[in-house]
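Reading through the structure tokens given below for one structure.
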Amino acid sequence: MCSVCQIEEETLEHVLWSCSFAKKAWRWISGIFNMMPHYNILAYNKAAKGRSRMFKDLWLVANLVVRSKLWFTRNKKVYEKKSPCWSVFQKRVFHLMHEYSVRMKGFMHNTVADLRVMNYFWVNFRRVKQYDPIQCCWFPPNQWEMLLCCDKASKNNPGVAGAEVVARDTSCGVVGAMEIGMGITSKFLAEVYGIVVGLEWAVQWGFRKILIRSDSSSVINILEKNTFLWFVQQRWEDVCARYDSIRFVHSFREAIFAADKMARRGCNSGNGAGMHYVDRPDFLRSIELPNVAYFRFK
């Protein structure tokens with residue numbers, strides 16, 4: 001039987017979650033953070049999604065501290081015959097939270113929720129992270145030049161990945177689009193292969209000059225320096241021989257959202273399988289709005 005409540009069978013889940021003393025502890029923490037705790041640590045951590053980094057750190061540390069103190073309370077009852085004391089438990093959790101907060105380096109949001117939690121645990125106030133809006137946009141390619149907006153998507157890194165290319169002419173009209181599944185690979189390799197496959201696919205349109213836009217600055221660097229990995233070097237040289245010039249420009253993901261949408265569709269395709277479209281696909285018409293400025297916060 002549980003040594004603390006003497007009601008149910010003692011298991012790890014019971015001691016840390018179902019025991020009457022544990023329930024009281026979790027109600028107390030829930031009232032402080034105004035959030036519902038969960039026995040599963042991953043689900044517990046996801047509950048703080050969208051909150052400040054400081055709030056997330058305090059929320060996670062509270063979970064770990066309460067668990068450890070509940071286990072120590074159980075051990076004191078078993079080995080030292082000391083009955084659990086609620087006031088002592090609260091004080092120990094409070095002091096540990098205050099001590100661990102010194103090591104936290106995250107920013108806070110200037111909200112009532114953040115301020116209330118930090119005041120409760122006597123946490124030193126942190127700097128509020130300022131977000132500066134940056135306008136995201138891209139310009140049409142030069143005359144007789146085709147624009148290839150390339151992007152990749154992956155469910156994990158590495159994981160099931162997909163890549164896409166949206167081809168545009170000098171007036172920004174969509175000439176065609178292509179999506180392809182990459183199987184299980186990293187995001188970096190998915191971006192590299194997506195650009196190579198996109199260049200091979202774009203040969204059919206007859207353009208001799210290509211402008212590639214990508215949100216991966218690391219991939220653009222190796223392309224400009226021509227420092228490819230050995231297993232894709234020959235394929236890259238063959239496709240480059242079909243064009244007079246290829247230049248690269250970095251763009252934020254918010255500005256090439258149509259490519260991002262198609263890359264996510266490519267994740268659902270098998271390795272090497274995909275689709276290509278002539279003109280603008282219908283599923284892109286609803287998300288592309290003309291004369292709209294897009295922003296990201298940095």
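Chain labels A, B, ... are given in the sequence in which chains occur in the structure tokens; within each chain residues are numbered consecutively from 1, and ligands are likewise numbered from 1 in the order shown.
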
(request) Tell me, as JSON, numbers by chain, which residues lie within 6 Å of region 152-169 of chain A, counting only C-alpha atoms; anything in the same chain fewer than 3 positions away does not count. (result) {"A": [146, 147, 148, 149, 172, 173, 174, 175, 176, 177, 178, 179, 180, 181, 182, 183, 184, 185, 186, 191, 194, 198, 262, 263, 264, 266, 267]}

(message) Report as a PyMOL selection string all protein, DNA and RNA residues lying within 9 Å of Arg242 (chain A), evaluated on only C-alpha atoms, omitting residues in the same chain fewer than 6 positions from it.
(response) chain A and resi 200+203+208

Output the selection as a short mmCIF file (atom, residue, chain, number, x, y, z; two decimals), in the first residue's frame - all heavy atoms for each residue.
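Contents of the output file part-v8.cif:
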```cif
data_model
loop_
_atom_site.label_atom_id
_atom_site.label_comp_id
_atom_site.auth_asym_id
_atom_site.auth_seq_id
_atom_site.Cartn_x
_atom_site.Cartn_y
_atom_site.Cartn_z
N GLU A 200 16.94 20.29 -63.17
CA GLU A 200 16.74 19.28 -64.22
C GLU A 200 15.33 19.35 -64.80
O GLU A 200 15.12 19.18 -66.00
CB GLU A 200 17.00 17.88 -63.64
CG GLU A 200 18.45 17.66 -63.22
CD GLU A 200 18.65 16.34 -62.49
OE1 GLU A 200 17.63 15.78 -62.02
OE2 GLU A 200 19.80 15.89 -62.38
N VAL A 203 14.51 22.47 -67.34
CA VAL A 203 15.11 22.51 -68.68
C VAL A 203 14.03 22.55 -69.76
O VAL A 203 14.19 23.19 -70.81
CB VAL A 203 16.03 21.28 -68.88
CG1 VAL A 203 16.49 21.18 -70.33
CG2 VAL A 203 17.22 21.37 -67.95
N ARG A 208 17.60 29.88 -70.51
CA ARG A 208 19.04 29.65 -70.38
C ARG A 208 19.64 30.32 -69.15
O ARG A 208 20.77 30.05 -68.79
CB ARG A 208 19.76 30.18 -71.64
CG ARG A 208 19.33 29.53 -72.94
CD ARG A 208 19.72 28.06 -72.97
NE ARG A 208 21.16 27.89 -72.87
CZ ARG A 208 21.77 26.71 -72.79
NH1 ARG A 208 21.04 25.60 -72.77
NH2 ARG A 208 23.08 26.62 -72.71
#
```

Considering only C-alpha atoms, return as a short mmCIF file (atom, residue, chain, number, x, y, z; two decimals) with N, CA and C atoms, in the first residue's frame whatever protein or nucleic-acid residues lie within 12 Å of Leu96 (chain A), sequence-local ones (same chain, fewer than 2 positions apart) excluded.
```
data_model
loop_
_atom_site.label_atom_id
_atom_site.label_comp_id
_atom_site.auth_asym_id
_atom_site.auth_seq_id
_atom_site.Cartn_x
_atom_site.Cartn_y
_atom_site.Cartn_z
N LEU A 58 10.46 27.77 -16.23
CA LEU A 58 9.91 27.66 -14.88
C LEU A 58 8.86 26.56 -14.79
N VAL A 61 10.77 23.20 -14.85
CA VAL A 61 11.48 22.98 -13.59
C VAL A 61 10.49 22.67 -12.47
N ALA A 62 9.33 23.32 -12.48
CA ALA A 62 8.32 23.04 -11.46
C ALA A 62 7.89 21.58 -11.52
N ASN A 63 7.75 21.04 -12.73
CA ASN A 63 7.38 19.64 -12.88
C ASN A 63 8.43 18.72 -12.27
N LEU A 64 9.69 18.99 -12.57
CA LEU A 64 10.77 18.13 -12.09
C LEU A 64 10.97 18.27 -10.58
N VAL A 65 10.86 19.49 -10.06
CA VAL A 65 11.04 19.70 -8.62
C VAL A 65 9.93 19.03 -7.84
N VAL A 66 8.68 19.17 -8.27
CA VAL A 66 7.56 18.56 -7.56
C VAL A 66 7.69 17.04 -7.58
N SER A 68 10.47 15.25 -7.78
CA SER A 68 11.55 14.83 -6.89
C SER A 68 11.15 14.96 -5.42
N LYS A 69 10.46 16.03 -5.06
CA LYS A 69 10.07 16.23 -3.66
C LYS A 69 8.98 15.24 -3.25
N PHE A 89 6.80 20.89 2.56
CA PHE A 89 6.86 20.55 1.14
C PHE A 89 6.81 21.82 0.29
N GLN A 90 5.91 22.72 0.60
CA GLN A 90 5.80 23.97 -0.16
C GLN A 90 7.08 24.80 -0.07
N LYS A 91 7.65 24.88 1.12
CA LYS A 91 8.86 25.68 1.30
C LYS A 91 10.02 25.10 0.51
N ARG A 92 10.16 23.76 0.52
CA ARG A 92 11.25 23.15 -0.22
C ARG A 92 11.10 23.38 -1.73
N VAL A 93 9.90 23.24 -2.24
CA VAL A 93 9.67 23.48 -3.66
C VAL A 93 9.95 24.94 -4.00
N PHE A 94 9.51 25.84 -3.15
CA PHE A 94 9.72 27.27 -3.38
C PHE A 94 11.21 27.60 -3.44
N HIS A 98 13.45 28.86 -6.70
CA HIS A 98 14.17 30.13 -6.64
C HIS A 98 15.66 29.93 -6.95
N GLU A 99 16.25 28.85 -6.45
CA GLU A 99 17.67 28.59 -6.70
C GLU A 99 17.92 28.25 -8.17
N TYR A 100 17.08 27.41 -8.75
CA TYR A 100 17.28 27.00 -10.13
C TYR A 100 17.03 28.14 -11.12
N SER A 101 16.20 29.10 -10.72
CA SER A 101 15.89 30.20 -11.63
C SER A 101 17.10 31.06 -11.94
N VAL A 102 18.13 31.02 -11.07
CA VAL A 102 19.33 31.82 -11.31
C VAL A 102 20.05 31.33 -12.57
N ARG A 103 19.93 30.06 -12.88
CA ARG A 103 20.62 29.49 -14.04
C ARG A 103 19.86 29.69 -15.34
N PHE A 121 7.83 33.21 -7.15
CA PHE A 121 9.06 32.47 -6.83
C PHE A 121 10.26 33.40 -6.62
N TRP A 122 10.03 34.70 -6.54
CA TRP A 122 11.09 35.67 -6.30
C TRP A 122 12.18 35.56 -7.38
N VAL A 123 11.78 35.44 -8.60
CA VAL A 123 12.72 35.35 -9.70
C VAL A 123 13.10 36.75 -10.15
#
```

(request) Go through A:Val278, A:Val192, A:Thr111, A:Cys137 one by one, measure the shortest atom-to-atom distance of each to Gln233 (chain A) using only C-alpha atoms, and give the residue with the smallest value. (result) A:Val192

(request) Enumerate the residues of region 41-224 of chain A with a DSSP assignment of alpha helix (DSSP H), computed from the backbone, and present them as a PyMOL selection string. (result) chain A and resi 41-46+53-79+86-100+112-120+187-202+217-224

(message) Between CA of His14 (chain A) and CA of Cys2 (chain A), what distance in Å does the model show, to one decimal?
(response) 8.0 Å

Give me, as a tab-separated table, each residue of region 88-178 of chain A that comes within 8 Å of region 28-52 of chain A, together with its shortest interatomic pair and the distance in Å at one decimal, counting only C-alpha atoms, with rows ordered by chain and rising residue number.
```
residue	atom	partner	partner_atom	distance
A:Gly106	CA	A:Ser52	CA	7.9
A:Phe107	CA	A:Ser52	CA	6.6
A:Met108	CA	A:Ser52	CA	5.3
A:His109	CA	A:Ser52	CA	5.7
A:Ala113	CA	A:Phe33	CA	7.5
A:Asp114	CA	A:Ser52	CA	7.9
A:Val117	CA	A:Phe33	CA	6.4
A:Tyr120	CA	A:Ile32	CA	7.9
```

For the residues in that selection, give me N, CA and C atoms as a PDB file, in the first residue's frame.
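Now in selection.pdb:
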```
ATOM      1  N   GLY A 106      16.588  32.633 -20.249  1.00  0.00           N
ATOM      2  CA  GLY A 106      15.589  32.977 -21.243  1.00  0.00           C
ATOM      3  C   GLY A 106      14.980  34.351 -21.041  1.00  0.00           C
ATOM      4  N   PHE A 107      14.298  34.837 -22.075  1.00  0.00           N
ATOM      5  CA  PHE A 107      13.613  36.112 -22.021  1.00  0.00           C
ATOM      6  C   PHE A 107      12.213  35.916 -21.450  1.00  0.00           C
ATOM      7  N   MET A 108      11.616  36.982 -21.021  1.00  0.00           N
ATOM      8  CA  MET A 108      10.248  36.968 -20.525  1.00  0.00           C
ATOM      9  C   MET A 108       9.382  37.839 -21.421  1.00  0.00           C
ATOM     10  N   HIS A 109       8.071  37.628 -21.359  1.00  0.00           N
ATOM     11  CA  HIS A 109       7.117  38.511 -22.013  1.00  0.00           C
ATOM     12  C   HIS A 109       6.557  39.469 -20.976  1.00  0.00           C
ATOM     13  N   ALA A 113       0.759  37.167 -16.663  1.00  0.00           N
ATOM     14  CA  ALA A 113       1.051  35.778 -16.296  1.00  0.00           C
ATOM     15  C   ALA A 113       2.524  35.593 -15.958  1.00  0.00           C
ATOM     16  N   ASP A 114       3.408  36.145 -16.787  1.00  0.00           N
ATOM     17  CA  ASP A 114       4.844  36.017 -16.522  1.00  0.00           C
ATOM     18  C   ASP A 114       5.229  36.738 -15.233  1.00  0.00           C
ATOM     19  N   VAL A 117       4.003  34.817 -11.997  1.00  0.00           N
ATOM     20  CA  VAL A 117       4.777  33.615 -11.668  1.00  0.00           C
ATOM     21  C   VAL A 117       6.146  33.983 -11.121  1.00  0.00           C
ATOM     22  N   TYR A 120       5.976  35.284  -7.610  1.00  0.00           N
ATOM     23  CA  TYR A 120       5.679  34.242  -6.627  1.00  0.00           C
ATOM     24  C   TYR A 120       6.954  33.523  -6.190  1.00  0.00           C
TER      25      TYR A 120
END
```

(message) Let me make sure I understand: among A:Cys150, A:Leu16, A:Cys85, A:Ile246, which one has the smallest atom-to-atom distance to Val219 (chain A) if we use only C-alpha atoms?
(response) A:Cys150

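Atom pair CA of Pro281 (chain A) / CA of Gln204 (chain A) has a distance of 17.9 Å (rounded to one decimal).
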